[in-house]
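Accompanying notes for the structure given below.
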Amino acid sequence: MTFAITVDGSDTEVEATREHPTVKVGYIRVAGSFVDLERLMKAGAGPYIHPGEVRHAHSESAFDAALPGSGLVRKGVSGVDTWRQELDHFLANTRFDQDSPLTLADALLTMHGAPGKPAAQLTLRACPTCRAKDFDAGALPVVGRDGGNCPSCKSPLYLADVLRTHEEYVPEGSNQTALTRVMLVVERLMTLSYMEHFYTTVDTPEDVFRRTLFITDGPLGLFGVVAPLKRRLYEYHQSLYEWADSKGIAAPLLVGVEKTGRFVEHADLIADLIPEGAVMMLSTDYINRVTGRPAGNQYGTDEFYGRRFIYRTTSGDPLVITVPPKPGVLPYEGSGSEDFESYPTLRTVCEVLDSVRTRLYPNAVIPVALAHSAASLPLGVGQSVLRAMAQQGVGLPANTQIRYRSPYR
Ligand SMILES: [Zn+2]
């Protein structure tokens, strides 16, 4: 194992201008962080950590997006349609990395296709405008890169409609929920873009996949209106796994690492019961008991594309991780979902995470900590800077610019 690629994001909703506090702008930053693990080990080999070596072992790529919140509309367009158009524009025009031509829209199409084979069109389950759902079989609304039209009401459809975040958009009040859903999907699209980049542009991609750990911040799951997309991610990873298997390797080495939440707290409570260097599978029975759900509850089947484990590192602290299963196995249902043999990448993933532990944050590993700092919005400098960035992003007219008053005058 030589490289770790970690994707992390952050989001916030701010007032568009001080004069109009009910007008909101959502702001997202997503960052990909690349760590050369060999070089990182070298940096820590002596009696002190070499900060220059750590810096050289690490590089990052980040992009920002501003999305319209409540009260911010395009001329002659409703708030929700402004949201749809701006989201679509963001996906179509944002490259996941400056050195690649692939956009987030490309990644979304690939997610609905297979490795190296992006889908030409996606099917929507409902029309955002007329809300028609009962289309005849074969007549479901489809969208391509350039959108489409509803077969029933003929209104324009956008590629971004497949995220369904418009269903959560509110014309008055906070759109933080929709904003966070977008961020989580974009994080997944960025990770998929790295995989796709290696798969399609490298001469022997198996050499890259053999040596690269892909880390996602948070569990390998999607929740709420974007949850159905998890099936696409699951299928993409399964195809990639089958290809890798034909090359004699177990890949992709993909892991979700959770920094906060119920299972992180639970892992801290029970850490002493797990031997150091051992991994604990959380059975569905166990999860139902811990979370206070009734016995027999179908946990995780609609949201997860990986299964959750607690790994206690050799230095004693617990990491809550999710790892995808091998082809033919679903993470939370059916036969094999609770067998260790169904997770052939688990051992390698744990070994790598063990080698990159950090005490910078609790329950963290170095690649995650670095990605987190790359993705962090500059909260320390106050919200007016964010507002200025957000205004640039959504192109508010110049007269709405904030007037900066120095506190020292
Ligand atoms: Zn329609």
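How things are named: the first chain in the structure tokens is A, the next is B, and so on; residues count from 1 in each chain; ligands count from 1 in the order shown.
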* To do: Using only C-alpha atoms and all ligand atoms, find each residue with an atom at most 7 Å away from ligand 1 and format the answer as a count of residues only.
  => 12
* as a ChimeraX atom specification, please: all residues of segment 160-240 of chain A that backbone DSSP puts in strand (DSSP E). => /A:212-217
Using the selection just defined, write its residues with C-alpha atoms as a PDB file, in the first residue's frame.
```
ATOM      1  CA  THR A 212      -4.380   2.928  -3.202  1.00  0.00           C
ATOM      2  CA  LEU A 213      -6.769   3.226  -0.281  1.00  0.00           C
ATOM      3  CA  PHE A 214      -9.862   5.365  -0.975  1.00  0.00           C
ATOM      4  CA  ILE A 215     -11.184   6.939   2.212  1.00  0.00           C
ATOM      5  CA  THR A 216     -14.600   8.570   2.542  1.00  0.00           C
ATOM      6  CA  ASP A 217     -15.413  10.798   5.470  1.00  0.00           C
TER       7      ASP A 217
END
```
* **helix (DSSP H, G or I) per DSSP on the backbone: members of segment 103-223 of chain A, as a ChimeraX atom specification** => /A:104-111,159-163,165-168,176-201,205-210
* Can you pull out every residue within 7 Å of segment 105-111 of chain A, counting only C-alpha atoms, but drop anything in the same chain fewer than 3 positions away, and send it as a ChimeraX atom specification? => /A:91-92,102,114-115,117-120,189,192-193,232-233,236
* Asked: Using only C-alpha atoms, which of A:Ala126, A:Ala250, A:Ala160, A:Ile49 sits nearest Leu104 of chain A?
  ->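 Distance minimum relative to Leu104 of chain A lands on A:Ala160.
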* **Nearest-residue call for Val329 of chain A, choices A:Thr314, A:Ser342, A:Gln98, A:Thr12, using only C-alpha atoms** =>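 Smallest separation from Val329 of chain A among the options: A:Ser342.
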* To do: Name the closest residue to Gly44 of chain A among the candidates A:Pro156, A:Gly218, A:Gln85, A:Ala57; distances are taken between atoms, counting only C-alpha atoms.
  =>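 The closest residue to Gly44 of chain A is A:Ala57.
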* **Residues near segment 27-32 of chain A, cut-off 10 Å, only C-alpha atoms, skip fewer than 3 positions along chain, as a ChimeraX atom specification** => /A:5-14,24,59-69,96-97,176,179-180,182-184,186-187,190-191,194,215-216,370-377,386-387,389-391,393
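If you measure from each of A:Gly144, A:Pro327, A:Gly261, A:Gly71 to Asp245 of chain A using only C-alpha atoms, the closest one turns out to be A:Pro327.
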